Structures are given as C-alpha cells and as structure tokens.
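K.L.:
This is the structure I have questions about; it appears just below.
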Protein chains: 2
Amino acid sequence: MFELDLRSRKPIYEQLVERLKQLIINNVLEKDEKLPSVRTLASQLSINPNTIQKAYRELEAQGYIYSVKGKGSFVSNSLMTDNAAEIKKVKEQLKKQVAEALFLGVTSEELIQLIQDVEKSSVGEG
Amino acid sequence: MFELDLRSRKPIYEQLVERLKQLIINNVLEKDEKLPSVRTLASQLSINPNTIQKAYRELEAQGYIYSVKGKGSFVSNSLMTDNAAEIKKVKEQLKKQVAEALFLGVTSEELIQLIQDVEKSSVGEG
DNA sequence: TAACTGTACTAATTATGTTAATACAGTTAA
DNA sequence: TTAACTGTATTAACATAATTAGTACAGTTA
C-alpha cells in the first residue's frame with residue numbers, strides 16, 4: 001500500500017501523512033472508507049504502531065480523516081470539515097513556491113499549465 | 001533583519017535558508033550584495049555561528065549565494081547557476097500543493113490569480 | 001600586523017523521532 | 001459474556017539530528 005524511505009531525513013510519520021493525503025486527494029481512498037488499523041498498518045510496514053498513530057492524529061487534526069474508538073479510522077468528507085486554516089496554509093506555501101519557481105526562470109504560462117494538468121488528472125472526485 | 005522562531009519544530013538553519021531565499025527572490029538582497037558574515041549574523045540572532053554556516057552552505061549548494069574565503073558571502077546571479085535540479089524539485093512540490101489546494105476547494109481560477117499576483121509583486125527583478 | 005572573512009573539526013548538549021511494552025476503553029461478532 | 005478487534009494514552013529507552021561551544025587554519029583588507 002505504501003512506499004516508505006526509512007533512510008530519508010524526512011520522518012516516517014510525515015511521509016505517511018503526505019502519502020495518505022495524496023491517496024485521499026486522488027480519490028484512491030474514498031470518503032468514509034476505512035483505513036488500515038494502526039496495528040495492521042504498523043505490521044505491514046514493519047514500523048511501530050505509535051508512528052502510525054502519530055500520522056493518523058496529524059491527518060485527523062488537518063481534517064482528512066476521523067477516528068472512532070473501537071471502530072477505526074475513516075476518510076473524512078472534506079466538505080464537512082472547516083478547511084479555512086488549511087487553505088490559508090497551502091496558499092501561503094504556494095506563494096512562496098511560485099515566487100521561487102518564477103525566480104528560477106519558470107514562466108507563469110508553465111505554472112498555469114501545471115495547474116491545469118493537475119486539475120485534469122483529478123477529474124471525477126468528490 | 002530576520003525573524004526566527006526558536007520554538008518552532010522547523011530547524012533554525014532551515015528557517016534561515018527559507019528566509020534568505022525570500023529576500024533574494026524578492027530582490028531585497030540584490031545581486032552580488034554582501035551578506036552579513038557568519039559571526040556577525042550569529043551575534044545579531046544570538047545563535048551559534050555554525051548554524052549560520054550550515055544555512056549559507058545550503059544556500060550555496062542551491063546556487064543562491066556564493067562564498068569567498070576571506071571576503072564574505074554574496075548573492076548569486078541566478079542565471080549563472082544550473083537550476084535544472086532545483087526547478088524539478090519546485091515543480092514536483094508545486095504539483096502536490098496544487099492538488100491539495102484543489103482538493104480543499106480552491107478553484108483553479110484562484111490559483112491562476114495567485115500566480116499573477118506573485119508575478120506582479122516581483123516586477124523589476126533580475 | 002591586526003582584524004576581519006570563510007571553513008573545518010571535535011565534543012558535549014539538546015531536541016526529536018522511533019521503538020518497546022503496557023494499559024485502558026469502546027466495538028463487534030460468536 | 002467472552003474473545004478479538006479497534007483507537008488512545010503513558011512511560012521508558014534508544015537513535016538520530018540539530019545546536020552549541022571551543023578551537024584552529026587560511027585568505028583578505030586596511
């Protein structure tokens with residue numbers, strides 16, 4: 001289900017958050033779909049359950065999943081959660097990256113094309 | 001000159017790299033302008049000179065500055081350096097962020113506007 | 001020469017990530 | 001009810017990375 005780089009300087013739980021976000025954003029994991037339990041996923045990835053839990057806790061804080069004691073963790077319906085804070089974060093980060101890209105010589109046309117490419121590849125979500 | 005968050009989970013040297021990049025990109029620091037010496041900046045920020053040096057080393061590796069022993073560290077002319085690797089990194093990161101923004105409900109029109117805003121605010125560079 | 005510059009190195013300390021073991025509470029199905 | 005699953009919490013030990021501290025060397029400049 002996942003590919004982790006245990007040698008990376010990026011913490012495992014951050015890799016997990018990023019990877020799971022992508023799966024949710026790309027609709028590989030659908031709304032209300034049950035995620036693997038912390039113990040199951042930890043076993044599959046040969047890492048500690050605490051590390052999985054840390055990732056799940058972060059994803060829940062960001063509104064991507066919700067957890068129910070005794071039942072499991074599930075993909076959120078993003079429309080149910082308040083995304084304002086996350087949107088603000090992403091926009092601020094995007095501004096920095098766009099400024100950097102422009103500085104490095106990437107044209108605004110290329111960047112607009114990049115947006116449209118991403119948009120096309122994620123049709124049919126929701 | 002800088003605002004650092006010593007309590008942040010983000011390492012000081014990474015904050016320094018990010019902040020100096022912004023100053024260079026926004027032309028606050030001009031080409032060939034001399035940066036504060038590692039000892040001076042360390043003293044101003046009340047942190048260790050080694051931490052400054054680590055940030056400068058990273059900025060030099062990314063092509064944003066160049067250092068001359070005995071003279072100092074200076075802002076690069078970005079056109080002099082090979083940005084291919086950096087451009088690839090930034091584009092990949094941008095794709096992820098754009099996908100996340102779209103997922104959170106930001107429209108592609110908003111994103112295009114964001115690009116144009118950043119572009120306008122950085123006129124007169126180079 | 002004196003005072004500045006970048007750079008390098010080692011050691012100690014601190015912070016963070018990760019593992020390990022254990023425990024508790026809620027859910028589900030036999 | 002029992003057994004096996006779920007999330008969650010806590011504490012300790014360990015590994016790694018970040019940071020500090022101290023020192024040293026080499027090049028530059030006035």
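Here's how to read the names in the structure tokens: chain A, B, ... by the order shown, residue numbers from 1 in each chain, ligand numbers from 1 in the order shown.
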Could you give me, as a tab-separated table, every chain B residue with an atom at most 9 Å from chain C, plus its closest atom pair and distance in Å to one decimal, counting only C-alpha atoms (C1' of nucleotides), rows ordered by chain then number?
P.N.:
```
residue	atom	partner	partner_atom	distance
B:Arg9	CA	C:DT16	C1'	8.6
B:Ser37	CA	C:DT5	C1'	7.3
B:Val38	CA	C:DG6	C1'	8.3
B:Gln53	CA	C:DG6	C1'	8.8
B:Ser67	CA	C:DG6	C1'	7.1
B:Val68	CA	C:DG6	C1'	6.5
B:Lys69	CA	C:DG6	C1'	4.2
B:Gly70	CA	C:DT5	C1'	3.7
B:Lys71	CA	C:DT5	C1'	4.9
B:Gly72	CA	C:DT5	C1'	5.5
B:Ser73	CA	C:DG6	C1'	8.2
```
K.L.:
Put those residues in a file: C-alpha atoms, as a PDB file, in the first residue's frame.
P.N.:
```pdb
ATOM      1  CA  ARG B   9       9.808  22.354  15.130  1.00  0.00           C
ATOM      2  CA  SER B  37      29.313  37.452   7.947  1.00  0.00           C
ATOM      3  CA  VAL B  38      28.560  34.216   9.719  1.00  0.00           C
ATOM      4  CA  GLN B  53      27.334  28.486   8.220  1.00  0.00           C
ATOM      5  CA  SER B  67      31.168  32.436  -0.671  1.00  0.00           C
ATOM      6  CA  VAL B  68      34.769  33.549  -0.940  1.00  0.00           C
ATOM      7  CA  LYS B  69      37.154  32.717   1.826  1.00  0.00           C
ATOM      8  CA  GLY B  70      38.416  35.866   3.487  1.00  0.00           C
ATOM      9  CA  LYS B  71      35.950  38.125   1.686  1.00  0.00           C
ATOM     10  CA  GLY B  72      32.449  37.039   2.520  1.00  0.00           C
ATOM     11  CA  SER B  73      29.232  35.563   1.132  1.00  0.00           C
TER      12      SER B  73
END
```
K.L.:
Using DSSP on the backbone, list every residue of chain A that comes out as strand (DSSP E), and give them as a VMD selection string.
P.N.:
chain A and resid 65 to 68 72 to 75
K.L.:
Got a sec to pull out which chain D residues are within 9 Å of chain B, counting only C-alpha atoms (C1' of nucleotides), and send them as a list in words?
P.N.:
DA18, DT19, DT20, DA21, DA26, DG27, DT28 and DT29 of chain D
K.L.:
Select residues of chain A: the criterion is any atom within 8 Å of an atom of chain B, counting only C-alpha atoms; output as a list in words.
P.N.:
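Using only C-alpha atoms, chain A residues at most 8 Å from chain B: Gln22, Ile25, Ser78, Asn83, Glu86, Ile87, Val90, Lys91, Leu94, Lys95, Lys96, Gln97, Val98, Ala99, Glu100, Ala101, Leu102, Phe103, Leu104, Val106, Ser108, Leu111, Ile112, Leu114, Ile115, Gln116, Val118, Glu119 and Ser122 of chain A.
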K.L.:
Where in segment 6-115 of chain B does DSSP assign helix (DSSP H, G or I), given as a VMD selection string?
P.N.:
chain B and resid 12 to 25 38 to 45 49 to 61 78 to 80 84 to 103 108 to 115
K.L.:
Figure out the distance between atom CA of Lys54 of chain B and atom C1' of DC25 of chain D, please, to one decimal in Å.
P.N.:
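Distance reported for this atom pair: 18.7 Å.
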K.L.:
What is the atom C1' of DT6 of chain D to atom CA of Pro36 of chain A distance in Å?
P.N.:
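Separating atom C1' of DT6 of chain D from atom CA of Pro36 of chain A is a distance of 10.4 Å.
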K.L.:
To one decimal place, how far is atom CA of Arg19 of chain B from atom CA of Glu3 of chain B in Å?
P.N.:
8.5 Å
